[in-house]
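**Student:** Structure file target-v4.tsv (TSV, C-alpha atoms) right here:
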```
chain	number	residue	atom	x	y	z
A	6	MET	CA	18.27	9.16	11.64
A	7	THR	CA	17.39	5.48	11.55
A	8	ARG	CA	18.18	3.19	8.64
A	9	ARG	CA	14.47	2.63	8.00
A	10	LEU	CA	13.82	6.37	7.79
A	11	ILE	CA	16.58	6.71	5.20
A	12	VAL	CA	15.14	3.83	3.15
A	13	GLN	CA	11.67	5.40	3.32
A	14	LEU	CA	13.04	8.74	2.15
A	15	VAL	CA	14.95	7.12	-0.72
A	16	ALA	CA	11.83	5.20	-1.80
A	17	LEU	CA	9.79	8.40	-1.72
A	18	VAL	CA	12.31	10.22	-3.91
A	19	LEU	CA	12.86	7.33	-6.34
A	20	ALA	CA	9.11	6.89	-6.84
A	21	ASN	CA	8.59	10.63	-7.26
A	22	PRO	CA	11.61	12.05	-9.09
A	23	PHE	CA	9.78	14.88	-10.87
A	24	PRO	CA	8.83	17.37	-8.14
A	25	GLY	CA	9.05	20.20	-10.69
A	26	ASN	CA	5.85	18.88	-12.25
A	27	PHE	CA	3.95	20.07	-9.18
A	28	LEU	CA	4.46	23.63	-10.40
A	29	SER	CA	3.40	23.00	-13.99
A	30	GLY	CA	0.59	20.59	-13.10
A	31	THR	CA	1.77	18.10	-15.71
A	32	LEU	CA	2.43	14.39	-15.42
A	33	TYR	CA	5.43	12.31	-16.41
A	34	ARG	CA	4.24	10.50	-19.55
A	35	GLY	CA	7.11	8.14	-20.32
A	36	SER	CA	7.09	4.38	-20.68
A	37	LEU	CA	8.21	3.85	-17.07
A	38	LYS	CA	4.54	4.40	-16.20
A	39	GLY	CA	4.05	0.84	-17.42
A	40	PHE	CA	5.84	-0.37	-14.30
A	41	CYS	CA	4.17	-0.45	-10.93
A	42	VAL	CA	5.65	0.47	-7.60
A	43	PRO	CA	4.84	-2.01	-4.82
A	44	PHE	CA	3.08	0.63	-2.70
A	45	LEU	CA	0.49	3.40	-2.86
A	46	ASN	CA	1.80	6.10	-5.17
A	47	CYS	CA	-0.94	7.65	-7.30
A	48	PHE	CA	-0.08	7.72	-11.02
A	49	SER	CA	-1.88	11.04	-11.28
A	50	CYS	CA	0.67	12.53	-8.90
A	51	PRO	CA	2.70	14.98	-11.01
A	52	ALA	CA	5.98	13.73	-9.55
A	53	ALA	CA	5.30	10.00	-9.95
A	54	VAL	CA	7.45	7.96	-12.30
A	55	ALA	CA	5.50	4.68	-12.18
A	56	SER	CA	1.98	3.44	-11.57
A	57	CYS	CA	0.11	2.54	-8.41
A	58	PRO	CA	-0.85	-1.15	-8.52
A	59	LEU	CA	-4.27	-0.52	-7.00
A	60	GLY	CA	-5.12	2.18	-9.54
A	61	ALA	CA	-3.80	0.06	-12.40
A	62	ILE	CA	-5.85	-2.99	-11.39
A	63	GLN	CA	-9.04	-1.00	-11.06
A	64	ASN	CA	-8.58	0.91	-14.31
A	65	LEU	CA	-7.90	-2.31	-16.21
A	66	LEU	CA	-10.96	-3.97	-14.70
A	67	ALA	CA	-13.12	-0.91	-15.33
A	68	ALA	CA	-12.75	-1.03	-19.11
A	69	PRO	CA	-15.80	-2.36	-20.99
A	70	PHE	CA	-13.89	-5.38	-22.30
A	71	THR	CA	-12.50	-6.37	-18.95
A	72	ARG	CA	-9.18	-8.11	-18.95
A	73	ILE	CA	-7.97	-9.77	-15.81
A	74	PRO	CA	-4.95	-7.71	-14.73
A	75	PHE	CA	-2.49	-10.62	-14.67
A	76	TYR	CA	0.64	-8.52	-14.92
A	77	VAL	CA	-0.15	-6.18	-12.04
A	78	VAL	CA	-1.55	-8.91	-9.79
A	79	GLY	CA	1.45	-11.10	-10.66
A	80	PHE	CA	3.77	-8.29	-9.63
A	81	MET	CA	1.96	-7.95	-6.30
A	82	VAL	CA	2.14	-11.73	-5.77
A	83	VAL	CA	5.90	-11.73	-6.45
A	84	VAL	CA	6.46	-8.88	-3.99
A	85	GLY	CA	4.26	-10.59	-1.41
A	86	ALA	CA	6.04	-13.94	-1.83
A	87	LEU	CA	9.39	-12.27	-1.34
A	88	ALA	CA	8.74	-10.06	1.65
A	89	GLY	CA	5.04	-9.77	2.58
A	90	ARG	CA	4.27	-6.42	4.18
A	91	TRP	CA	7.89	-5.37	4.41
A	92	VAL	CA	7.14	-2.81	1.70
A	93	CYS	CA	4.54	-1.23	4.01
A	94	GLY	CA	7.04	-0.70	6.78
A	95	TRP	CA	10.04	0.29	4.72
A	96	LEU	CA	8.98	1.68	1.34
A	97	CYS	CA	5.42	3.01	1.27
A	98	PRO	CA	5.41	6.83	1.14
A	99	PHE	CA	1.98	7.06	2.72
A	100	GLY	CA	3.06	4.86	5.61
A	101	PHE	CA	6.05	7.18	5.93
A	102	ILE	CA	3.80	10.26	5.98
A	103	GLN	CA	1.64	8.70	8.69
A	104	GLU	CA	4.75	7.97	10.73
A	105	LEU	CA	5.92	11.57	10.33
A	106	MET	CA	2.55	12.75	11.62
A	107	GLY	CA	2.90	10.27	14.46
A	108	ARG	CA	6.12	11.96	15.51
A	109	LEU	CA	4.08	15.00	16.55
A	110	SER	CA	3.05	13.14	19.67
A	111	ARG	CA	4.82	10.52	21.74
A	112	PHE	CA	1.51	9.41	23.19
A	113	LYS	CA	-0.01	6.62	21.14
A	114	LYS	CA	-3.25	4.78	21.73
A	115	SER	CA	-3.90	1.17	20.80
A	116	ILE	CA	-6.94	0.24	18.78
A	117	PRO	CA	-9.30	-0.82	21.60
A	118	PRO	CA	-10.51	-4.45	21.55
A	119	TRP	CA	-14.07	-3.40	20.81
A	120	LEU	CA	-12.82	-1.72	17.62
A	121	ALA	CA	-10.51	-4.58	16.58
A	122	TRP	CA	-13.02	-5.56	13.90
A	123	THR	CA	-12.22	-2.34	12.02
A	124	THR	CA	-8.92	-3.88	10.92
A	125	LEU	CA	-10.95	-6.30	8.80
A	126	THR	CA	-12.24	-3.37	6.73
A	127	LYS	CA	-9.16	-3.48	4.52
A	128	TYR	CA	-9.94	-7.05	3.47
A	129	LEU	CA	-13.47	-6.06	2.51
A	130	LEU	CA	-12.03	-3.15	0.52
A	131	LEU	CA	-9.59	-5.54	-1.17
A	132	ILE	CA	-12.48	-7.73	-2.33
A	133	LEU	CA	-14.51	-4.72	-3.46
A	134	LEU	CA	-11.47	-3.36	-5.29
A	135	PHE	CA	-11.65	-6.30	-7.69
A	136	ILE	CA	-15.44	-6.60	-7.91
A	137	LEU	CA	-16.87	-3.08	-8.07
A	138	PRO	CA	-15.11	-1.83	-11.24
A	139	VAL	CA	-16.56	-4.83	-13.09
A	140	ILE	CA	-20.15	-4.80	-11.82
A	141	TRP	CA	-20.78	-1.09	-11.13
A	142	VAL	CA	-20.64	0.32	-14.65
A	143	ASP	CA	-22.22	3.22	-16.47
A	144	ALA	CA	-24.43	3.04	-19.55
A	145	SER	CA	-21.44	2.69	-21.85
A	146	GLY	CA	-20.05	-0.20	-19.84
A	147	TYR	CA	-17.27	1.66	-18.06
A	148	GLY	CA	-16.62	1.17	-14.38
A	149	SER	CA	-14.41	3.38	-12.22
A	150	PRO	CA	-11.47	2.96	-9.86
A	151	TYR	CA	-13.84	3.26	-6.92
A	152	PHE	CA	-11.27	2.89	-4.15
A	153	CYS	CA	-9.26	5.75	-5.64
A	154	GLN	CA	-12.37	7.77	-6.34
A	155	PHE	CA	-14.03	7.57	-2.94
A	156	ILE	CA	-11.35	6.69	-0.39
A	157	CYS	CA	-7.65	6.81	-1.28
A	158	PRO	CA	-6.13	9.63	0.81
A	159	LYS	CA	-2.75	9.24	-0.89
A	160	GLY	CA	-4.29	10.24	-4.21
A	161	THR	CA	-5.95	13.24	-2.59
A	162	LEU	CA	-2.71	14.33	-0.99
A	163	SER	CA	-0.29	13.81	-3.85
A	164	ALA	CA	-2.51	14.23	-6.92
A	165	GLY	CA	-5.85	15.92	-6.25
A	166	ILE	CA	-4.72	18.81	-4.08
A	167	PRO	CA	-1.48	19.58	-6.02
A	168	LEU	CA	-3.23	19.57	-9.39
A	169	ILE	CA	-5.99	21.86	-8.18
A	170	LEU	CA	-3.42	24.24	-6.72
A	171	SER	CA	-1.35	24.16	-9.90
A	172	ASP	CA	-4.25	25.20	-12.13
A	173	PRO	CA	-7.28	26.30	-10.10
A	174	GLY	CA	-9.01	27.68	-13.18
A	175	SER	CA	-9.20	24.26	-14.81
A	176	TYR	CA	-9.58	21.94	-11.85
A	177	ALA	CA	-11.46	23.87	-9.16
A	178	PRO	CA	-14.77	23.67	-11.07
A	179	LEU	CA	-14.48	19.88	-10.89
A	180	VAL	CA	-14.42	19.87	-7.10
A	181	GLY	CA	-17.61	18.38	-5.74
A	182	THR	CA	-18.98	16.40	-2.85
A	183	ILE	CA	-16.81	13.35	-3.49
A	184	PHE	CA	-13.66	15.43	-3.34
A	185	TRP	CA	-14.67	16.95	-0.02
A	186	VAL	CA	-15.42	13.48	1.35
A	187	LYS	CA	-11.92	12.48	0.33
A	188	ILE	CA	-10.47	15.57	1.98
A	189	PHE	CA	-12.28	14.57	5.16
A	190	ILE	CA	-10.84	11.03	4.95
A	191	LEU	CA	-7.35	12.43	4.37
A	192	GLY	CA	-7.72	14.80	7.33
A	193	ALA	CA	-9.04	12.01	9.56
A	194	VAL	CA	-6.13	9.74	8.63
A	195	LEU	CA	-3.50	12.44	9.17
A	196	VAL	CA	-4.95	13.58	12.50
A	197	GLY	CA	-5.56	9.96	13.48
A	198	SER	CA	-1.91	9.21	12.79
A	199	ILE	CA	-0.94	11.54	15.62
A	200	LEU	CA	-2.87	9.38	18.08
A	201	VAL	CA	-2.72	5.89	16.56
A	202	HIS	CA	0.20	4.33	14.70
A	203	ARG	CA	-0.56	4.09	10.95
A	204	PRO	CA	-4.38	4.03	11.09
A	205	PHE	CA	-4.77	3.87	7.31
A	206	CYS	CA	-2.44	0.88	6.94
A	207	ARG	CA	-4.16	-1.00	9.75
A	208	VAL	CA	-7.77	-0.29	8.84
A	209	LEU	CA	-8.20	0.77	5.23
A	210	CYS	CA	-5.29	-0.18	2.99
A	211	PRO	CA	-6.23	-2.97	0.54
A	212	LEU	CA	-2.64	-3.27	-0.66
A	213	GLY	CA	-1.43	-3.89	2.87
A	214	ALA	CA	-4.24	-6.43	3.25
A	215	PHE	CA	-3.01	-8.20	0.13
A	216	PHE	CA	0.64	-8.29	1.14
A	217	GLY	CA	-0.34	-9.36	4.66
A	218	LEU	CA	-1.72	-12.61	3.24
A	219	PHE	CA	1.88	-13.58	2.44
A	220	ASN	CA	3.45	-12.63	5.77
A	221	ARG	CA	3.33	-16.12	7.24
A	222	PHE	CA	5.27	-17.85	4.48
A	223	SER	CA	7.12	-15.19	2.48
A	224	PHE	CA	10.82	-15.83	1.80
A	225	PHE	CA	11.83	-12.97	4.04
A	226	ARG	CA	10.18	-13.27	7.43
A	227	LEU	CA	10.82	-12.96	11.13
A	228	HIS	CA	12.47	-15.87	12.84
A	229	LEU	CA	12.57	-16.62	16.57
A	230	GLU	CA	15.54	-18.32	18.16
A	231	GLU	CA	13.53	-19.94	20.94
A	232	GLY	CA	16.56	-20.83	23.01
A	233	SER	CA	17.59	-17.20	23.19
A	234	CYS	CA	14.16	-15.79	24.06
A	235	ASN	CA	13.33	-15.33	27.73
A	236	TYR	CA	9.91	-13.83	26.96
A	237	CYS	CA	10.76	-10.53	28.63
A	238	GLY	CA	8.10	-8.76	26.57
A	239	ARG	CA	10.29	-5.97	25.19
A	240	CYS	CA	9.46	-6.94	21.62
A	241	GLU	CA	5.74	-6.77	22.35
A	242	LYS	CA	6.08	-3.38	24.03
A	243	SER	CA	7.99	-2.05	21.02
A	244	CYS	CA	5.43	-3.23	18.46
A	245	PRO	CA	3.67	-0.19	16.99
A	246	VAL	CA	0.72	-2.26	15.76
A	247	ASP	CA	0.15	-3.96	19.12
A	248	LEU	CA	0.85	-7.56	18.09
A	249	LYS	CA	1.23	-10.30	20.67
A	250	LEU	CA	4.91	-11.10	20.36
A	251	PRO	CA	6.93	-13.12	19.75
A	252	GLU	CA	4.11	-15.59	18.96
A	253	ASN	CA	2.47	-13.52	16.21
A	254	ARG	CA	5.70	-12.27	14.67
A	255	ASN	CA	4.52	-13.14	11.15
A	256	SER	CA	0.93	-11.97	11.60
A	257	ARG	CA	-0.96	-10.49	8.63
A	258	GLU	CA	-1.08	-7.22	10.56
A	259	CYS	CA	2.69	-6.90	10.93
A	260	VAL	CA	4.12	-4.12	8.73
A	261	ARG	CA	7.61	-5.47	9.37
A	262	CYS	CA	9.11	-2.30	10.72
A	263	LEU	CA	11.40	-4.66	12.67
A	264	SER	CA	11.13	-2.63	15.89
A	265	CYS	CA	10.71	-5.93	17.72
A	266	ARG	CA	13.98	-7.26	16.39
A	267	ASP	CA	15.79	-4.08	17.37
A	268	ALA	CA	14.21	-4.11	20.83
A	269	CYS	CA	15.36	-7.62	21.69
A	270	PRO	CA	18.46	-7.43	23.92
A	271	ARG	CA	19.29	-11.10	23.27
A	272	GLY	CA	18.99	-11.08	19.48
A	273	ALA	CA	16.29	-13.77	19.59
A	274	LEU	CA	14.34	-12.25	16.73
A	275	SER	CA	15.93	-12.05	13.33
A	276	TRP	CA	14.79	-11.05	9.89
A	277	GLY	CA	16.07	-12.90	6.91
A	278	PHE	CA	15.74	-14.98	3.82
A	279	ASN	CA	14.81	-18.62	4.12
A	280	SER	CA	15.12	-18.52	7.90
A	281	GLY	CA	12.46	-21.14	8.48
A	282	GLY	CA	10.90	-19.62	11.61
B	176	MET	CA	7.10	-26.34	3.87
B	177	ASP	CA	6.66	-22.57	4.12
B	178	ASN	CA	9.55	-22.02	1.76
B	179	LYS	CA	8.00	-24.40	-0.80
B	180	LEU	CA	4.77	-22.43	-0.57
B	181	ALA	CA	6.70	-19.19	-1.04
B	182	LEU	CA	8.49	-20.65	-4.05
B	183	LEU	CA	5.24	-21.85	-5.62
B	184	THR	CA	3.69	-18.44	-5.00
B	185	LEU	CA	6.69	-16.72	-6.52
B	186	LEU	CA	6.47	-18.91	-9.62
B	187	LEU	CA	2.73	-18.25	-9.85
B	188	GLY	CA	3.41	-14.52	-9.68
B	189	LEU	CA	6.06	-14.71	-12.38
B	190	ALA	CA	3.69	-16.73	-14.58
B	191	LEU	CA	0.98	-14.12	-14.10
B	192	ILE	CA	3.41	-11.35	-15.04
B	193	ALA	CA	4.43	-13.23	-18.17
B	194	GLY	CA	0.77	-13.84	-19.10
B	195	GLY	CA	-0.10	-10.19	-18.57
B	196	LEU	CA	2.84	-8.97	-20.63
B	197	PHE	CA	1.90	-11.43	-23.37
B	198	GLN	CA	-1.58	-9.88	-23.65
B	199	GLY	CA	-0.17	-6.36	-23.83
B	200	GLU	CA	-1.02	-5.25	-20.34
B	201	PHE	CA	2.16	-3.18	-19.98
B	202	ALA	CA	0.95	-0.80	-22.70
B	203	ARG	CA	-2.49	-0.61	-21.08
B	204	VAL	CA	-0.94	0.38	-17.76
B	205	ILE	CA	1.06	3.11	-19.52
B	206	GLU	CA	-2.14	4.38	-21.20
B	207	GLU	CA	-3.85	4.67	-17.83
B	208	GLY	CA	-0.82	6.09	-16.08
B	209	ILE	CA	-0.11	8.95	-18.43
B	210	ARG	CA	-3.53	10.57	-18.28
B	211	ILE	CA	-4.73	12.80	-15.47
B	212	CYS	CA	-7.27	10.48	-13.87
B	213	PHE	CA	-10.05	12.72	-12.59
B	214	GLU	CA	-11.98	9.76	-11.21
B	215	CYS	CA	-8.89	8.69	-9.27
B	216	MET	CA	-8.80	12.06	-7.54
B	217	GLY	CA	-12.50	12.24	-6.79
B	218	LEU	CA	-12.92	15.21	-9.11
B	219	GLY	CA	-16.02	15.79	-11.17
B	220	GLY	CA	-18.46	14.24	-8.74
```
Since I need it in another form, could you write the structure as structure tokens?
**Tutor:**
Amino acid sequence: MTRRLIVQLVALVLANPFPGNFLSGTLYRGSLKGFCVPFLNCFSCPAAVASCPLGAIQNLLAAPFTRIPFYVVGFMVVVGALAGRWVCGWLCPFGFIQELMGRLSRFKKSIPPWLAWTTLTKYLLLILLFILPVIWVDASGYGSPYFCQFICPKGTLSAGIPLILSDPGSYAPLVGTIFWVKIFILGAVLVGSILVHRPFCRVLCPLGAFFGLFNRFSFFRLHLEEGSCNYCGRCEKSCPVDLKLPENRNSRECVRCLSCRDACPRGALSWGFNSGG
Amino acid sequence: MDNKLALLTLLLGLALIAGGLFQGEFARVIEEGIRICFECMGLGG
């Protein structure tokens, strides 16, 4: 078992310490819900102890008297400034689930060049995440968390499906077209994860898009010891998101799994604080 | 240079957190987090 797998498991358990709630269909309702986790973890998941930053931002913006969600955005900025997308590679439970699905097949396809534009979708979703809850409102002035409502497969997996199963009498009548669309998205992401490494993170995740903006200059980043690198290409071959390495080691698309560092036989790539690379 | 940018960004983030806490955002996040959010799950539509 790799160190990263252990960290991912620990993060999953720490963020979801109430698995018994899946049976009762209840939520944890303590004050820890005021804190956000730095990754996708739906606050309607019965086991969740804290809030999802994306859901919190949208719900705060969706209220009729919109307040700019300084606290949640500030938290995301702090996490991004410290480590960029490291949380995607090491902490995010949905990234972990995609990787587990990916283990079903050793054969992985790259995103073909003619579909490279799809990776920009997450930036569009990030912009819409902030705009839509404010401008798309009902008659009483309320918006909705539209990303969660129409897309987020993590919410479907860890909140929607478990709650319906826990109390079908109450929740099944609420299932409609939107829910089935979300089931389709979840299925596509999970099946896609068998063929492509982390398709949701690379194409659709607005949180990953946000943290990626910090990758180039975050305190923790990848550093290249140029004198040690003989450009053998092992780092590039090991990269699950097909980055051109070592040049693009701090690309926005890097989820910082650090496979490249581990693949380098000469120790030319390192990961650390204030490394200046 | 990059580290200065990271430091400035970190300070900006901390200032945003402080501003949000000052306007009571922590309690608002709890309010949202403790209800079963049907919209969040795509239910009811």
**Student:** Using only C-alpha atoms, which residue out of A:Pro204, A:Gly94, A:Pro167, A:Gly238 lies closest to A:Cys262?
**Tutor:**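 Residue with the minimum atom-to-atom distance to A:Cys262: A:Gly94.
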**Student:** Within 6 Å of chain B, which residues of chain A show up? Give each one with its shortest atom-to-atom distance in Å (one decimal) and the two atoms involved, counting only C-alpha atoms, rows by chain then rising residue number, as a tab-separated table.
**Tutor:**
```
residue	atom	partner	partner_atom	distance
A:Arg34	CA	B:Ile209	CA	4.8
A:Lys38	CA	B:Ile205	CA	5.0
A:Gly39	CA	B:Ile205	CA	4.3
A:Phe48	CA	B:Gly208	CA	5.4
A:Ser49	CA	B:Ile211	CA	5.4
A:Ser56	CA	B:Gly208	CA	5.9
A:Phe75	CA	B:Gly195	CA	4.6
A:Tyr76	CA	B:Ile192	CA	4.0
A:Gly79	CA	B:Gly188	CA	4.1
A:Val82	CA	B:Gly188	CA	5.0
A:Val83	CA	B:Gly188	CA	4.9
A:Ala86	CA	B:Ala181	CA	5.3
A:Cys153	CA	B:Cys215	CA	4.7
A:Gln154	CA	B:Gly217	CA	4.5
A:Gly160	CA	B:Met216	CA	5.9
A:Thr161	CA	B:Met216	CA	5.8
A:Gly165	CA	B:Met216	CA	5.0
A:Leu179	CA	B:Gly219	CA	4.4
A:Val180	CA	B:Leu218	CA	5.3
A:Gly181	CA	B:Gly220	CA	5.2
A:Ile183	CA	B:Gly217	CA	5.5
A:Phe184	CA	B:Gly217	CA	4.8
A:Phe222	CA	B:Asp177	CA	4.9
A:Ser223	CA	B:Ala181	CA	5.3
```
**Student:** Only C-alpha atoms, please: the residues just picked out, written as a compact mmCIF listing (two decimals), in the coordinates of the input.
**Tutor:**
```txt
# COMPACT_ATOMS: atom_id res chain seq x y z
CA ARG A 34 4.24 10.50 -19.55
CA LYS A 38 4.54 4.40 -16.20
CA GLY A 39 4.05 0.84 -17.42
CA PHE A 48 -0.08 7.72 -11.02
CA SER A 49 -1.88 11.04 -11.28
CA SER A 56 1.98 3.44 -11.57
CA PHE A 75 -2.49 -10.62 -14.67
CA TYR A 76 0.64 -8.52 -14.92
CA GLY A 79 1.45 -11.10 -10.66
CA VAL A 82 2.14 -11.73 -5.77
CA VAL A 83 5.90 -11.73 -6.45
CA ALA A 86 6.04 -13.94 -1.83
CA CYS A 153 -9.26 5.75 -5.64
CA GLN A 154 -12.37 7.77 -6.34
CA GLY A 160 -4.29 10.24 -4.21
CA THR A 161 -5.95 13.24 -2.59
CA GLY A 165 -5.85 15.92 -6.25
CA LEU A 179 -14.48 19.88 -10.89
CA VAL A 180 -14.42 19.87 -7.10
CA GLY A 181 -17.61 18.38 -5.74
CA ILE A 183 -16.81 13.35 -3.49
CA PHE A 184 -13.66 15.43 -3.34
CA PHE A 222 5.27 -17.85 4.48
CA SER A 223 7.12 -15.19 2.48
```
**Student:** Using all atoms listed in the file, which of A:Asn21, A:Ser233, A:Gln63, A:Ser115 sits nearest A:Arg203?
**Tutor:**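 Once distances to A:Arg203 are computed over all atoms listed in the file, the minimum belongs to A:Ser115.
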**Student:** Identify, on the basis of all atoms listed in the file, every residue whose closest approach to A:Arg254 does not exceed 10 Å; exclude the query and any residue fewer than 2 positions from it along the same chain; express the result as a ChimeraX atom specification.
**Tutor:** /A:220-221,226-229,240-241,244,248-252,256-259,261,263,265-266,274,282
**Student:** Neighbours of A:Ile116 within 12 Å (all atoms listed in the file; same-chain residues fewer than 2 positions away dropped), as a list in words?
**Tutor:**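 Using all atoms listed in the file, the neighbours found are Lys113, Lys114, Pro118, Trp119, Leu120, Ala121, Trp122, Thr123, Thr124, Gly197, Ser198, Leu200, Val201, His202, Arg203, Pro204, Arg207, Val208, Pro245, Val246, Asp247 and Leu248 of chain A.
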**Student:** For a test of reading the model, state the distance in Å between atom CA of A:Ile199 and atom CA of A:Arg108, rounded to one decimal.
**Tutor:**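 Between these atoms lies a distance of 7.1 Å.
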**Student:** Just the number, please: distance in Å from atom CA of A:Tyr176 to atom CA of A:Lys159, one decimal.
**Tutor:** 18.1 Å
**Student:** Rank A:Tyr236, A:Phe155, A:Trp95, A:Phe215 by their smallest atom-to-atom distance to A:Ser264, using only C-alpha atoms, and report the top residue only.
**Tutor:**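 Distance minimum relative to A:Ser264 lands on A:Trp95.
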**Student:** Of the candidates A:Phe44, A:Pro158, A:Tyr33, A:Thr182, which shows the shortest atom-to-atom distance to A:Arg90, using all atoms listed in the file?
**Tutor:**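 Answer, going by the shortest atom-to-atom distance: A:Phe44.
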**Student:** Could you work out how far atom CA of A:Trp185 lies from atom CA of A:Leu168, giving the answer in Å with one decimal?
**Tutor:**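 About the pair atom CA of A:Leu168 and atom CA of A:Trp185: they are 15.0 Å apart.
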**Student:** Could I get stretch 75-87 of chain A rebuilt with N, CA, C and O atoms, written as a PDB file, in the frame of the given file?
**Tutor:**
```
ATOM      1  N   PHE A  75      -3.480  -9.609 -15.068  1.00  0.00           N
ATOM      2  CA  PHE A  75      -2.490 -10.620 -14.670  1.00  0.00           C
ATOM      3  C   PHE A  75      -1.151  -9.998 -14.285  1.00  0.00           C
ATOM      4  O   PHE A  75      -0.536 -10.369 -13.292  1.00  0.00           O
ATOM      5  N   TYR A  76      -0.701  -9.081 -15.112  1.00  0.00           N
ATOM      6  CA  TYR A  76       0.640  -8.520 -14.920  1.00  0.00           C
ATOM      7  C   TYR A  76       0.758  -7.798 -13.576  1.00  0.00           C
ATOM      8  O   TYR A  76       1.707  -8.019 -12.818  1.00  0.00           O
ATOM      9  N   VAL A  77      -0.223  -6.955 -13.279  1.00  0.00           N
ATOM     10  CA  VAL A  77      -0.150  -6.180 -12.040  1.00  0.00           C
ATOM     11  C   VAL A  77      -0.344  -7.096 -10.823  1.00  0.00           C
ATOM     12  O   VAL A  77       0.396  -6.994  -9.829  1.00  0.00           O
ATOM     13  N   VAL A  78      -1.325  -7.995 -10.911  1.00  0.00           N
ATOM     14  CA  VAL A  78      -1.550  -8.910  -9.790  1.00  0.00           C
ATOM     15  C   VAL A  78      -0.317  -9.810  -9.605  1.00  0.00           C
ATOM     16  O   VAL A  78       0.123 -10.069  -8.482  1.00  0.00           O
ATOM     17  N   GLY A  79       0.242 -10.267 -10.736  1.00  0.00           N
ATOM     18  CA  GLY A  79       1.450 -11.100 -10.660  1.00  0.00           C
ATOM     19  C   GLY A  79       2.585 -10.365  -9.964  1.00  0.00           C
ATOM     20  O   GLY A  79       3.298 -10.930  -9.134  1.00  0.00           O
ATOM     21  N   PHE A  80       2.730  -9.096 -10.276  1.00  0.00           N
ATOM     22  CA  PHE A  80       3.770  -8.290  -9.630  1.00  0.00           C
ATOM     23  C   PHE A  80       3.539  -8.224  -8.118  1.00  0.00           C
ATOM     24  O   PHE A  80       4.466  -8.384  -7.314  1.00  0.00           O
ATOM     25  N   MET A  81       2.282  -8.008  -7.735  1.00  0.00           N
ATOM     26  CA  MET A  81       1.960  -7.950  -6.300  1.00  0.00           C
ATOM     27  C   MET A  81       2.215  -9.300  -5.631  1.00  0.00           C
ATOM     28  O   MET A  81       2.693  -9.361  -4.488  1.00  0.00           O
ATOM     29  N   VAL A  82       1.905 -10.394  -6.327  1.00  0.00           N
ATOM     30  CA  VAL A  82       2.140 -11.730  -5.770  1.00  0.00           C
ATOM     31  C   VAL A  82       3.640 -11.963  -5.575  1.00  0.00           C
ATOM     32  O   VAL A  82       4.073 -12.492  -4.538  1.00  0.00           O
ATOM     33  N   VAL A  83       4.439 -11.550  -6.555  1.00  0.00           N
ATOM     34  CA  VAL A  83       5.900 -11.730  -6.450  1.00  0.00           C
ATOM     35  C   VAL A  83       6.437 -10.943  -5.245  1.00  0.00           C
ATOM     36  O   VAL A  83       7.214 -11.476  -4.428  1.00  0.00           O
ATOM     37  N   VAL A  84       6.000  -9.701  -5.128  1.00  0.00           N
ATOM     38  CA  VAL A  84       6.460  -8.880  -3.990  1.00  0.00           C
ATOM     39  C   VAL A  84       6.022  -9.512  -2.668  1.00  0.00           C
ATOM     40  O   VAL A  84       6.805  -9.623  -1.721  1.00  0.00           O
ATOM     41  N   GLY A  85       4.767  -9.958  -2.625  1.00  0.00           N
ATOM     42  CA  GLY A  85       4.260 -10.590  -1.410  1.00  0.00           C
ATOM     43  C   GLY A  85       5.032 -11.854  -1.070  1.00  0.00           C
ATOM     44  O   GLY A  85       5.381 -12.090   0.089  1.00  0.00           O
ATOM     45  N   ALA A  86       5.309 -12.684  -2.068  1.00  0.00           N
ATOM     46  CA  ALA A  86       6.040 -13.940  -1.830  1.00  0.00           C
ATOM     47  C   ALA A  86       7.449 -13.670  -1.330  1.00  0.00           C
ATOM     48  O   ALA A  86       8.000 -14.433  -0.544  1.00  0.00           O
ATOM     49  N   LEU A  87       8.027 -12.583  -1.768  1.00  0.00           N
ATOM     50  CA  LEU A  87       9.390 -12.270  -1.340  1.00  0.00           C
ATOM     51  C   LEU A  87       9.430 -11.724   0.090  1.00  0.00           C
ATOM     52  O   LEU A  87      10.235 -12.172   0.906  1.00  0.00           O
TER      53      LEU A  87
END
```
